[in-house]
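Engineer: So that you have it, the file is data16.cif, and it contains mmCIF, C-alpha atoms and all ligand atoms:
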```cif
data_data
loop_
_atom_site.label_atom_id
_atom_site.label_comp_id
_atom_site.auth_asym_id
_atom_site.auth_seq_id
_atom_site.Cartn_x
_atom_site.Cartn_y
_atom_site.Cartn_z
CA MET A 1127 177.61 178.80 -5.31
CA ASN A 1128 176.95 181.97 -3.30
CA TYR A 1129 177.43 181.34 0.37
CA GLU A 1130 176.29 183.45 3.31
CA ALA A 1131 177.67 183.51 6.82
CA SER A 1132 174.35 183.21 8.59
CA LEU A 1133 172.76 180.52 10.68
CA ASP A 1134 169.57 180.66 8.61
CA PHE A 1135 171.54 180.10 5.44
CA ALA A 1136 173.43 177.14 6.93
CA ARG A 1137 170.21 175.60 8.21
CA SER A 1138 168.50 176.01 4.87
CA LEU A 1139 171.35 174.10 3.20
CA ASP A 1140 170.98 171.39 5.83
CA ASP A 1141 167.25 171.20 5.14
CA GLN A 1142 167.92 170.68 1.44
CA ASP A 1143 170.73 168.18 2.00
CA PRO A 1144 169.69 164.75 0.68
CA LEU A 1145 172.30 163.09 2.93
CA ARG A 1146 171.33 164.90 6.14
CA ASN A 1147 169.88 161.80 7.84
CA PHE A 1148 173.18 159.91 7.66
CA ARG A 1149 174.40 162.03 10.58
CA ASN A 1150 171.97 160.09 12.79
CA ARG A 1151 173.78 156.88 11.97
CA PHE A 1152 176.82 158.04 13.93
CA HIS A 1153 177.58 158.79 17.55
CA ILE A 1154 178.51 162.47 17.67
CA PRO A 1155 180.80 163.24 20.64
CA LYS A 1156 179.56 165.80 23.14
CA LYS A 1157 181.18 168.62 25.05
CA ASP A 1158 179.35 170.14 28.02
CA GLY A 1159 176.27 168.19 27.00
CA ASN A 1160 176.17 169.52 23.42
CA GLU A 1161 177.20 167.79 20.22
CA VAL A 1162 180.55 169.03 19.01
CA ALA A 1163 181.20 170.18 15.46
CA TYR A 1164 183.61 167.40 14.56
CA PHE A 1165 186.18 168.23 11.89
CA CYS A 1166 188.64 165.41 12.60
CA GLY A 1167 187.16 162.67 10.44
CA ASN A 1168 190.43 162.78 8.48
CA SER A 1169 192.19 161.59 11.62
CA LEU A 1170 189.67 159.35 13.34
CA GLY A 1171 186.23 158.88 11.84
CA LEU A 1172 183.17 158.72 14.11
CA GLN A 1173 181.57 155.55 15.37
CA PRO A 1174 178.67 154.16 13.35
CA LYS A 1175 175.85 153.30 15.77
CA GLU A 1176 175.55 149.93 14.08
CA ALA A 1177 179.13 148.98 15.04
CA SER A 1178 178.25 147.81 18.55
CA ALA A 1179 175.53 145.42 17.32
CA ARG A 1180 177.96 143.95 14.81
CA ILE A 1181 180.70 143.47 17.39
CA ASN A 1182 178.25 142.12 19.97
CA GLN A 1183 177.11 139.53 17.48
CA GLU A 1184 180.66 138.21 17.27
CA LEU A 1185 181.02 138.20 21.07
CA LYS A 1186 177.77 136.25 21.29
CA ASP A 1187 178.80 133.74 18.63
CA TRP A 1188 182.15 133.27 20.33
CA ALA A 1189 180.45 132.73 23.71
CA GLU A 1190 177.92 130.27 22.33
CA LEU A 1191 179.90 128.46 19.68
CA GLY A 1192 183.55 128.56 20.62
CA VAL A 1193 185.67 127.12 17.85
CA ASP A 1194 182.60 126.21 15.79
CA GLY A 1195 182.13 129.91 15.13
CA HIS A 1196 184.75 129.65 12.39
CA PHE A 1197 182.13 128.01 10.21
CA ASP A 1198 178.84 128.33 12.09
CA ALA A 1199 178.80 131.93 13.30
CA LYS A 1200 176.05 134.11 11.83
CA THR A 1201 178.79 135.40 9.55
CA PRO A 1202 181.43 132.64 9.62
CA TRP A 1203 184.80 133.98 10.76
CA TYR A 1204 186.60 131.79 8.28
CA SER A 1205 185.40 133.89 5.38
CA TYR A 1206 184.50 137.09 7.22
CA HIS A 1207 186.83 139.27 5.18
CA GLU A 1208 185.22 138.23 1.91
CA MET A 1209 182.14 140.40 2.41
CA LEU A 1210 184.30 143.50 2.75
CA SER A 1211 185.90 143.17 -0.67
CA ALA A 1212 182.97 144.27 -2.84
CA PRO A 1213 182.26 147.54 -0.99
CA LEU A 1214 185.98 148.34 -0.80
CA ALA A 1215 186.38 147.60 -4.50
CA THR A 1216 183.59 150.08 -5.23
CA LEU A 1217 185.34 152.76 -3.19
CA VAL A 1218 188.68 152.42 -4.98
CA GLY A 1219 187.37 151.47 -8.43
CA ALA A 1220 188.65 147.93 -8.65
CA LYS A 1221 187.52 144.38 -9.30
CA THR A 1222 186.41 142.58 -6.15
CA THR A 1223 189.28 140.11 -6.54
CA GLU A 1224 191.79 142.98 -6.56
CA VAL A 1225 190.91 144.13 -3.07
CA VAL A 1226 191.26 142.55 0.34
CA ALA A 1227 190.92 143.86 3.90
CA MET A 1228 193.88 142.79 5.99
CA ASN A 1229 196.46 143.96 8.55
CA THR A 1230 197.06 147.68 9.06
CA LEU A 1231 198.41 150.33 6.77
CA THR A 1232 202.15 150.44 7.42
CA VAL A 1233 202.27 146.65 7.61
CA ASN A 1234 200.54 146.43 4.25
CA LEU A 1235 202.87 149.01 2.80
CA HIS A 1236 205.83 146.86 3.78
CA LEU A 1237 204.18 143.72 2.40
CA LEU A 1238 203.46 145.30 -0.95
CA LEU A 1239 206.83 147.02 -1.19
CA THR A 1240 208.31 143.57 -0.70
CA SER A 1241 206.46 142.50 -3.83
CA PHE A 1242 206.52 145.65 -5.91
CA TYR A 1243 209.70 147.54 -5.10
CA ASN A 1244 212.20 145.66 -7.20
CA PRO A 1245 215.27 147.88 -7.50
CA THR A 1246 218.29 147.20 -9.69
CA PRO A 1247 221.60 149.07 -9.47
CA ASP A 1248 220.58 151.38 -12.35
CA LYS A 1249 216.94 151.71 -11.49
CA TYR A 1250 216.47 151.80 -7.75
CA LYS A 1251 215.00 155.18 -6.89
CA ILE A 1252 211.58 155.90 -5.45
CA LEU A 1253 209.76 159.13 -6.24
CA THR A 1254 207.48 160.10 -3.40
CA GLU A 1255 205.15 162.99 -2.64
CA PHE A 1256 206.23 166.16 -0.88
CA ASN A 1257 206.07 165.89 2.90
CA PRO A 1258 204.77 162.34 3.09
CA PHE A 1259 203.34 160.92 6.30
CA PRO A 1260 206.39 159.86 8.32
CA SER A 1261 205.40 156.21 8.49
CA ASP A 1262 205.43 156.03 4.68
CA TRP A 1263 208.87 157.63 4.55
CA PHE A 1264 210.18 155.22 7.19
CA ALA A 1265 208.75 152.25 5.32
CA LEU A 1266 210.30 153.37 2.03
CA GLU A 1267 213.68 154.10 3.59
CA SER A 1268 213.82 150.79 5.37
CA GLN A 1269 212.76 148.90 2.25
CA ALA A 1270 215.61 150.53 0.32
CA LYS A 1271 217.99 149.43 3.07
CA ILE A 1272 216.55 145.91 3.23
CA LYS A 1273 217.13 145.60 -0.50
CA GLY A 1274 220.71 146.76 -0.16
CA TYR A 1275 220.45 150.36 -1.38
CA ASP A 1276 221.39 153.66 0.16
CA SER A 1277 218.15 155.13 1.42
CA LYS A 1278 219.54 158.68 1.19
CA THR A 1279 219.92 158.50 -2.57
CA ALA A 1280 217.06 156.06 -3.18
CA LEU A 1281 214.31 158.37 -1.97
CA VAL A 1282 213.41 161.40 -4.04
CA GLU A 1283 210.84 163.75 -2.54
CA MET A 1284 208.76 165.76 -5.00
CA MET A 1285 209.47 169.24 -3.66
CA PRO A 1286 207.19 172.19 -4.44
CA GLU A 1287 208.43 175.51 -5.76
CA ASP A 1288 209.88 177.84 -3.12
CA GLY A 1289 207.21 179.20 -0.83
CA GLU A 1290 204.58 176.78 -2.14
CA TYR A 1291 202.97 173.84 -0.41
CA THR A 1292 201.38 172.01 -3.29
CA VAL A 1293 202.87 170.59 -6.45
CA SER A 1294 201.40 170.81 -9.92
CA THR A 1295 200.74 167.71 -11.98
CA ASP A 1296 203.01 169.16 -14.69
CA ALA A 1297 205.88 169.42 -12.24
CA ILE A 1298 205.35 165.81 -11.15
CA LEU A 1299 205.24 164.61 -14.74
CA SER A 1300 208.43 166.53 -15.61
CA LYS A 1301 210.15 164.98 -12.60
CA ILE A 1302 209.13 161.52 -13.75
CA GLU A 1303 210.45 162.32 -17.23
CA GLU A 1304 213.73 163.56 -15.76
CA LEU A 1305 214.26 160.49 -13.57
CA LYS A 1306 212.53 157.85 -15.65
CA ASP A 1307 215.62 155.70 -16.17
CA GLU A 1308 216.44 155.63 -12.46
CA LEU A 1309 213.00 155.12 -10.92
CA ALA A 1310 211.99 151.66 -9.75
CA LEU A 1311 208.87 152.98 -8.06
CA ILE A 1312 206.55 155.95 -7.79
CA MET A 1313 204.83 155.89 -4.42
CA PHE A 1314 202.47 158.79 -3.75
CA GLY A 1315 199.62 159.50 -1.45
CA GLY A 1316 196.25 159.85 -3.15
CA VAL A 1317 195.58 162.86 -0.93
CA ASN A 1318 198.43 164.36 1.11
CA TYR A 1319 197.73 164.21 4.83
CA TYR A 1320 199.21 167.64 5.52
CA THR A 1321 198.11 169.86 2.65
CA GLY A 1322 194.97 167.98 1.64
CA GLN A 1323 196.12 168.11 -2.00
CA CYS A 1324 194.59 165.35 -4.11
CA TYR A 1325 197.11 164.25 -6.72
CA ASP A 1326 196.15 163.38 -10.26
CA MET A 1327 196.57 159.66 -9.71
CA GLN A 1328 195.47 158.84 -13.23
CA ALA A 1329 198.10 161.07 -14.83
CA ILE A 1330 200.83 159.83 -12.48
CA ALA A 1331 199.90 156.21 -13.19
CA ALA A 1332 199.90 156.86 -16.95
CA ALA A 1333 203.38 158.41 -16.77
CA ALA A 1334 204.59 155.46 -14.73
CA ARG A 1335 203.16 153.01 -17.27
CA ALA A 1336 204.69 154.86 -20.21
CA ASN A 1337 208.11 154.61 -18.59
CA ASN A 1338 207.90 151.10 -17.22
CA ILE A 1339 207.92 152.23 -13.59
CA THR A 1340 205.88 150.51 -10.89
CA VAL A 1341 203.29 152.79 -9.28
CA GLY A 1342 201.56 152.52 -5.90
CA PHE A 1343 199.37 154.84 -3.85
CA ASP A 1344 198.77 155.30 -0.16
CA LEU A 1345 195.06 156.03 0.08
CA ALA A 1346 194.85 156.71 3.82
CA HIS A 1347 193.36 160.13 3.06
CA GLY A 1348 191.83 159.19 -0.28
CA ILE A 1349 189.54 156.26 0.40
CA GLY A 1350 186.03 157.34 1.29
CA ASN A 1351 186.99 160.92 0.44
CA VAL A 1352 187.66 161.03 -3.31
CA LYS A 1353 186.59 158.88 -6.24
CA MET A 1354 189.12 156.55 -7.79
CA ASN A 1355 189.44 154.02 -10.60
CA LEU A 1356 192.57 152.14 -9.69
CA HIS A 1357 191.90 149.28 -12.08
CA ASP A 1358 191.22 151.41 -15.14
CA TRP A 1359 194.15 153.67 -14.31
CA ASP A 1360 196.34 150.58 -14.33
CA VAL A 1361 197.83 151.25 -10.90
CA ASP A 1362 200.00 148.39 -9.62
CA PHE A 1363 199.06 148.47 -5.96
CA ALA A 1364 197.56 150.58 -3.21
CA VAL A 1365 197.18 150.48 0.56
CA TRP A 1366 194.91 152.24 3.04
CA CYS A 1367 193.69 152.33 6.61
CA SER A 1368 190.06 152.26 7.64
CA TYR A 1369 189.92 154.55 10.65
CA LYS A 1370 189.96 157.93 8.89
CA TYR A 1371 187.16 158.61 6.41
CA LEU A 1372 186.06 154.97 6.64
CA ASN A 1373 185.01 155.31 10.30
CA SER A 1374 186.16 151.83 11.30
CA PHE A 1375 188.07 152.61 14.50
CA SER A 1376 191.61 153.13 15.62
CA GLY A 1377 193.91 150.30 14.63
CA GLY A 1378 191.09 148.86 12.53
CA VAL A 1379 191.79 146.53 9.65
CA GLY A 1380 193.39 148.17 6.61
CA GLY A 1381 193.19 147.10 3.02
CA VAL A 1382 195.09 146.65 -0.21
CA PHE A 1383 194.55 146.80 -3.94
CA ILE A 1384 196.68 144.58 -6.14
CA ASN A 1385 196.22 144.83 -9.87
CA GLU A 1386 194.99 141.51 -11.22
CA LYS A 1387 197.80 141.41 -13.76
CA HIS A 1388 200.15 140.56 -10.88
CA PHE A 1389 198.13 137.70 -9.40
CA GLU A 1390 200.00 134.95 -11.18
CA ASN A 1391 203.12 136.83 -12.23
CA PRO A 1392 206.02 134.52 -11.32
CA GLN A 1393 208.42 137.51 -11.07
CA ILE A 1394 206.54 138.90 -8.12
CA VAL A 1395 207.54 137.45 -4.77
CA ARG A 1396 205.70 138.07 -1.54
CA MET A 1397 205.66 137.46 2.18
CA GLU A 1398 203.73 134.20 2.45
CA GLY A 1399 201.32 133.03 5.15
CA TRP A 1400 198.65 130.38 5.54
CA TRP A 1401 195.74 132.75 4.95
CA GLY A 1402 197.05 133.40 1.48
CA HIS A 1403 197.07 129.68 0.74
CA ASN A 1404 194.49 127.88 -1.39
CA LYS A 1405 191.29 127.68 0.66
CA GLU A 1406 190.54 124.11 -0.47
CA SER A 1407 193.74 122.70 0.95
CA ARG A 1408 194.59 125.20 3.71
CA PHE A 1409 193.51 122.90 6.51
CA LYS A 1410 195.44 119.92 5.22
CA MET A 1411 198.32 121.74 6.91
CA GLU A 1412 200.85 120.61 4.33
CA LYS A 1413 204.02 122.26 3.07
CA GLY A 1414 204.08 123.89 -0.35
CA PHE A 1415 202.55 127.37 -0.56
CA ASP A 1416 199.78 127.46 -3.13
CA PRO A 1417 198.64 131.09 -3.32
CA ILE A 1418 195.03 132.06 -3.85
CA PRO A 1419 195.18 133.56 -7.35
CA THR A 1420 193.73 136.92 -6.26
CA SER A 1421 194.75 139.71 -3.89
CA GLU A 1422 193.72 137.32 -1.10
CA GLY A 1423 196.91 135.42 -1.84
CA TRP A 1424 198.78 138.21 -0.03
CA GLN A 1425 196.99 137.58 3.26
CA LEU A 1426 199.11 136.25 6.09
CA SER A 1427 196.99 135.55 9.14
CA ASN A 1428 193.43 134.65 9.95
CA ALA A 1429 191.23 137.71 10.03
CA PRO A 1430 190.72 140.17 12.94
CA VAL A 1431 186.96 139.69 13.17
CA PHE A 1432 186.06 142.37 15.76
CA SER A 1433 187.74 144.99 13.68
CA MET A 1434 186.13 143.69 10.52
CA ALA A 1435 182.73 143.80 12.24
CA ALA A 1436 183.10 147.53 12.87
CA HIS A 1437 184.42 147.94 9.32
CA LYS A 1438 181.36 146.21 7.89
CA ALA A 1439 179.01 148.51 9.80
CA ALA A 1440 180.83 151.51 8.36
CA LEU A 1441 181.03 150.21 4.79
CA ASP A 1442 177.30 149.50 4.74
CA ILE A 1443 176.72 153.22 5.24
CA PHE A 1444 178.99 154.09 2.31
CA GLU A 1445 177.12 151.65 0.13
CA GLU A 1446 173.83 153.26 1.03
CA ALA A 1447 174.98 156.83 0.57
CA GLY A 1448 177.13 156.25 -2.53
CA MET A 1449 180.34 158.12 -3.40
CA GLU A 1450 178.59 160.14 -6.09
CA ALA A 1451 176.26 161.85 -3.63
CA LEU A 1452 178.97 162.08 -0.99
CA CYS A 1453 181.34 163.87 -3.35
CA GLU A 1454 178.63 166.29 -4.41
CA LYS A 1455 177.96 167.23 -0.79
CA ARG A 1456 181.69 167.21 0.00
CA ASP A 1457 182.35 169.95 -2.53
CA LYS A 1458 179.50 172.14 -1.31
CA LEU A 1459 180.33 171.66 2.35
CA THR A 1460 184.06 172.19 1.87
CA GLY A 1461 183.33 175.20 -0.30
CA TYR A 1462 181.28 176.59 2.56
CA LEU A 1463 184.11 176.01 5.03
CA GLU A 1464 186.50 177.76 2.64
CA PHE A 1465 184.08 180.66 2.48
CA VAL A 1466 183.69 181.01 6.25
CA ILE A 1467 187.45 180.82 6.82
CA LEU A 1468 188.22 183.48 4.24
CA ASN A 1469 185.25 185.56 5.35
CA ALA A 1470 186.16 185.60 9.03
CA GLY A 1471 188.64 188.41 8.60
CA GLN A 1472 191.58 186.62 10.16
CA GLY A 1473 193.90 186.81 7.18
CA LEU A 1474 194.16 183.04 7.27
CA GLU A 1475 195.69 181.26 4.31
CA ILE A 1476 194.35 177.94 3.05
CA ILE A 1477 197.18 175.87 1.60
CA THR A 1478 194.87 173.19 0.20
CA PRO A 1479 194.18 173.82 -3.50
CA SER A 1480 191.05 175.86 -4.19
CA ASP A 1481 190.46 173.75 -7.32
CA ILE A 1482 187.91 171.13 -6.23
CA ASP A 1483 189.49 168.52 -8.49
CA GLN A 1484 192.67 168.80 -6.45
CA ARG A 1485 191.22 168.28 -3.01
CA GLY A 1486 188.85 166.14 -0.99
CA CYS A 1487 187.08 167.54 2.05
CA GLN A 1488 190.11 168.55 4.12
CA LEU A 1489 191.25 172.14 4.27
CA SER A 1490 194.65 172.93 5.80
CA ILE A 1491 194.83 176.40 7.25
CA LEU A 1492 198.16 178.14 7.60
CA THR A 1493 197.94 180.34 10.65
CA GLY A 1494 199.99 183.22 11.95
CA GLU A 1495 201.35 183.62 15.45
CA ASN A 1496 197.98 183.16 17.12
CA GLY A 1497 197.35 179.83 15.34
CA LYS A 1498 197.55 177.67 18.42
CA ALA A 1499 195.24 180.07 20.27
CA ILE A 1500 192.72 179.83 17.42
CA HIS A 1501 192.93 176.05 17.47
CA ASP A 1502 192.45 175.97 21.24
CA GLY A 1503 189.60 178.50 21.01
CA LEU A 1504 187.85 176.30 18.47
CA GLY A 1505 188.24 173.36 20.84
CA LYS A 1506 186.84 175.29 23.80
CA ALA A 1507 183.80 176.17 21.71
CA GLY A 1508 183.25 172.52 20.83
CA VAL A 1509 184.70 172.74 17.31
CA VAL A 1510 187.14 169.86 16.99
CA THR A 1511 190.07 170.31 14.59
CA ASP A 1512 193.66 169.19 14.65
CA TRP A 1513 196.85 171.10 15.05
CA ARG A 1514 199.92 170.24 13.02
CA HIS A 1515 203.08 171.76 14.34
CA PRO A 1516 204.28 174.43 13.65
CA ASN A 1517 201.34 176.37 12.23
CA VAL A 1518 198.64 174.39 10.48
CA ILE A 1519 195.06 173.67 11.52
CA ARG A 1520 193.50 170.83 9.57
CA ALA A 1521 189.74 170.68 9.31
CA ALA A 1522 187.72 168.11 7.41
CA PRO A 1523 183.98 168.59 7.00
CA VAL A 1524 182.91 165.03 6.31
CA PRO A 1525 179.82 164.72 4.10
CA LEU A 1526 178.48 161.65 5.94
CA TYR A 1527 178.02 163.38 9.28
CA ASN A 1528 178.97 167.04 9.19
CA SER A 1529 176.32 169.67 8.69
CA TYR A 1530 176.44 173.14 7.18
CA GLU A 1531 175.58 174.35 10.66
CA ASP A 1532 178.83 172.76 11.94
CA VAL A 1533 180.68 174.83 9.36
CA TYR A 1534 178.80 177.95 10.40
CA ARG A 1535 179.88 177.35 14.02
CA PHE A 1536 183.49 177.10 12.86
CA GLY A 1537 183.20 180.51 11.24
CA GLU A 1538 181.62 182.09 14.31
CA VAL A 1539 184.52 181.01 16.53
CA LEU A 1540 187.02 182.34 14.00
CA ARG A 1541 185.21 185.63 13.97
CA GLU A 1542 185.57 185.98 17.74
CA PHE A 1543 189.30 186.04 17.19
CA SER A 1544 188.98 189.11 15.00
CA GLY A 1545 188.32 190.88 18.32
C1 LIG B 1 197.21 157.72 8.88
C2 LIG B 1 198.33 157.40 7.99
C3 LIG B 1 199.24 156.37 8.30
C4 LIG B 1 199.12 155.60 9.60
O1 LIG B 1 199.57 154.30 9.45
P1 LIG B 1 199.10 153.10 10.40
O2 LIG B 1 199.99 152.00 9.96
O3 LIG B 1 197.64 152.87 10.15
O4 LIG B 1 199.32 153.51 11.81
C5 LIG B 1 200.25 156.09 7.40
N1 LIG B 1 200.36 156.79 6.24
C6 LIG B 1 199.51 157.78 5.92
C7 LIG B 1 199.65 158.52 4.63
C8 LIG B 1 198.48 158.13 6.79
O5 LIG B 1 197.66 159.13 6.48
#
```
Rewrite the structure of this file - the entire thing - as structure tokens.
Structural biologist:
Amino acid sequence: MNYEASLDFARSLDDQDPLRNFRNRFHIPKKDGNEVAYFCGNSLGLQPKEASARINQELKDWAELGVDGHFDAKTPWYSYHEMLSAPLATLVGAKTTEVVAMNTLTVNLHLLLTSFYNPTPDKYKILTEFNPFPSDWFALESQAKIKGYDSKTALVEMMPEDGEYTVSTDAILSKIEELKDELALIMFGGVNYYTGQCYDMQAIAAAARANNITVGFDLAHGIGNVKMNLHDWDVDFAVWCSYKYLNSFSGGVGGVFINEKHFENPQIVRMEGWWGHNKESRFKMEKGFDPIPTSEGWQLSNAPVFSMAAHKAALDIFEEAGMEALCEKRDKLTGYLEFVILNAGQGLEIITPSDIDQRGCQLSILTGENGKAIHDGLGKAGVVTDWRHPNVIRAAPVPLYNSYEDVYRFGEVLREFSG
């Protein structure tokens, strides 16, 4: 596509955008009375306007029904999580039974590593992505320790070539080949939080399968951003949070994917809790854990309904818009951001791959010495991005609520820095 750095051009793309009305479904923060251009949906997604009605409904049911709300609320709390499974399954490409909303991301990572990281003295290593989110690294290290292994040798980080930030699929596959007899687990992000690189999850999963290695993905930056087919790719498990692209609020309920082949596998142990117990007999309050034979069998506690209410409001919007249309807009909008950054004459380098199959909507911009000043200048002008020490600005034009005009504004601020 041929882009132009003009307001008319940006507005004409907005006029033709079939998803343009979805922006009105969100509260857009304001600065000095004007809507900001919000590029931090990869960090905290915006609030769907429908969220407050959903949460208020639960407050009302609680006020009016007390304990009876478990079964008599408009949406009974007892089974509240069940309605989230189908839309989540669509987003990750899974069967409804393979997906459940529960807990938060790092907690879920620990729960699933308990089940799926099964090291032996010969085969105990974990191959992980380059520069993983620290919480993932901490979880992996501590799981190695819990299982009696030296975390220093257990974790293998997939380093890029010197001077590079991203890693080719070929390099990852060669690494797997090299370490295949020592790897108990391959645990990658779907999309790296820092570089915005989208890994070839299908190829990684296939290599894992071929070598009898368990494979899991952290989809914090993948879900709601890129299309996936976890079931068909034969991934073992995945975890995610809901407050980034899924717009379901800070600390909101996360989710997991567990491949159905593991539901009744007696070799797989888990952390057990009453919410994972057979629904028919749960309230008999007897001993003897009888797991629900789906991903729901990994649940521990009764569900956080307020957080699920906000989640439901957000997932409804995804269902309406559809990932197909969102991805189409994502590529155009991100392409436009790439154009305005490179066109602004700042000599900025984008470390996110330019290949649209290897990225979602985030672009990570490597800045020079004036990087922090550029970031702060963007903020002053009402263009919200985030700063990653020491020199990266991350910007995510989100197809649900960002406009081409937002991207144009980004470029105009950058241009001011050309002096
Ligand atoms: C955002 C993010 C987290 C945060 O974890 P929480 O448990 O939700 O606080 C962890 N890992 C990755 C890859 C992330 O992007």
Engineer: Would you list the residues that come within 10 Å of ligand LIG 1 (chain B)? Count only C-alpha atoms and all ligand atoms and give the answer as a compact mmCIF listing (two decimals) with C-alpha atoms, in the frame of the given file.
Structural biologist:
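Final file, out_21.txt:
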```
# COMPACT_ATOMS: atom_id res chain seq x y z
CA ASN A 1168 190.43 162.78 8.48
CA SER A 1169 192.19 161.59 11.62
CA LEU A 1170 189.67 159.35 13.34
CA ASN A 1229 196.46 143.96 8.55
CA THR A 1230 197.06 147.68 9.06
CA LEU A 1231 198.41 150.33 6.77
CA THR A 1232 202.15 150.44 7.42
CA VAL A 1233 202.27 146.65 7.61
CA ASN A 1234 200.54 146.43 4.25
CA LEU A 1235 202.87 149.01 2.80
CA HIS A 1236 205.83 146.86 3.78
CA ASN A 1257 206.07 165.89 2.90
CA PRO A 1258 204.77 162.34 3.09
CA PHE A 1259 203.34 160.92 6.30
CA PRO A 1260 206.39 159.86 8.32
CA SER A 1261 205.40 156.21 8.49
CA ASP A 1262 205.43 156.03 4.68
CA TRP A 1263 208.87 157.63 4.55
CA PHE A 1264 210.18 155.22 7.19
CA ALA A 1265 208.75 152.25 5.32
CA PHE A 1314 202.47 158.79 -3.75
CA GLY A 1315 199.62 159.50 -1.45
CA GLY A 1316 196.25 159.85 -3.15
CA VAL A 1317 195.58 162.86 -0.93
CA ASN A 1318 198.43 164.36 1.11
CA TYR A 1319 197.73 164.21 4.83
CA TYR A 1320 199.21 167.64 5.52
CA PHE A 1343 199.37 154.84 -3.85
CA ASP A 1344 198.77 155.30 -0.16
CA LEU A 1345 195.06 156.03 0.08
CA ALA A 1346 194.85 156.71 3.82
CA HIS A 1347 193.36 160.13 3.06
CA GLY A 1348 191.83 159.19 -0.28
CA VAL A 1365 197.18 150.48 0.56
CA TRP A 1366 194.91 152.24 3.04
CA CYS A 1367 193.69 152.33 6.61
CA SER A 1368 190.06 152.26 7.64
CA TYR A 1369 189.92 154.55 10.65
CA LYS A 1370 189.96 157.93 8.89
CA SER A 1376 191.61 153.13 15.62
CA GLY A 1377 193.91 150.30 14.63
CA GLY A 1378 191.09 148.86 12.53
CA VAL A 1379 191.79 146.53 9.65
CA GLY A 1380 193.39 148.17 6.61
```
Engineer: Where's the centre, and what are the edge lengths in Å to one decimal, of a box along x, y and z enclosing all listed atoms of stretch 1378-1384 of chain A padded 3 Å per side, as AutoDock Vina command-line options?
Structural biologist:
```
--center_x 193.9 --center_y 146.7 --center_z 3.2 --size_x 11.6 --size_y 10.3 --size_z 24.7
```
Engineer: Mind pulling up the distance from atom CA of A:Ala1521 to atom CA of A:Ala1177?
Structural biologist: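 Atom CA of A:Ala1521 lies at a distance of 24.8 Å from atom CA of A:Ala1177.
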Engineer: Determine, counting all atoms listed in the file, which protein, DNA and RNA residues have an atom within 8 Å of an atom of A:Glu1475; residues of the same chain fewer than 3 positions away are not included. Present the result as a list in words.
Structural biologist: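 My list of contacting residues is Leu1468, Ile1491, Leu1492 and Thr1493 of chain A.
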Engineer: Around the point (187.5, 140.3, 7.0), in the coordinates given by the file, pick out the residues reaching within 9 Å, counting only C-alpha atoms, and return them as a list in words.
Structural biologist: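 Residues lying no farther than 9 Å from the given point: Trp1203, Tyr1204, Ser1205, Tyr1206, His1207, Glu1208, Met1209, Leu1210, Ser1211, Val1226, Ala1227, Met1228, Val1379, Asn1428, Ala1429, Pro1430, Val1431, Ser1433, Met1434, Ala1435, His1437 and Lys1438 of chain A.
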Engineer: Write out as an MDAnalysis selection string the residues lying within 9 Å of A:Trp1401, counting only C-alpha atoms and excluding same-chain residues fewer than 5 positions away.
Structural biologist: chainID A and resid 1408 1417:1418 1422:1429
Engineer: Restricting the calculation to all atoms listed in the file: of A:Phe1444, A:Tyr1527, A:Tyr1462, A:Phe1432, which residue gets closest to A:Asp1187?
Structural biologist: A:Phe1432
Engineer: Can you pull out every residue within 10 Å of A:Leu1239, counting all atoms listed in the file, but drop anything in the same chain fewer than 5 positions away, and send it as a list in words?
Structural biologist: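 Near neighbours after the sequence-gap exclusion: Val1233, Asn1234, Asn1244, Ala1265, Leu1266, Gln1269, Ala1270, Leu1311, Met1313, Gly1342, Phe1363 and Arg1396 of chain A.
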Engineer: So that I can see what lies close to A:Ala1215, please list as a list in words the residues with an atom at most 9 Å from it, counting all atoms listed in the file and leaving out residues fewer than 4 positions away in the same chain.
Structural biologist: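 Residues near the query, excluding close chain neighbours: Leu1210, Ser1211, Gly1219, Ala1220, Lys1221, Thr1222, Thr1223, Glu1224, Val1225, Val1226 and Phe1383 of chain A.
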Engineer: With only C-alpha atoms as the basis for distance, which of A:Asp1442, A:Glu1531, A:Glu1267, A:Asp1512 is at the shortest distance from A:Lys1175?
Structural biologist: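 With only C-alpha atoms as the atom set, the closest residue is A:Asp1442.
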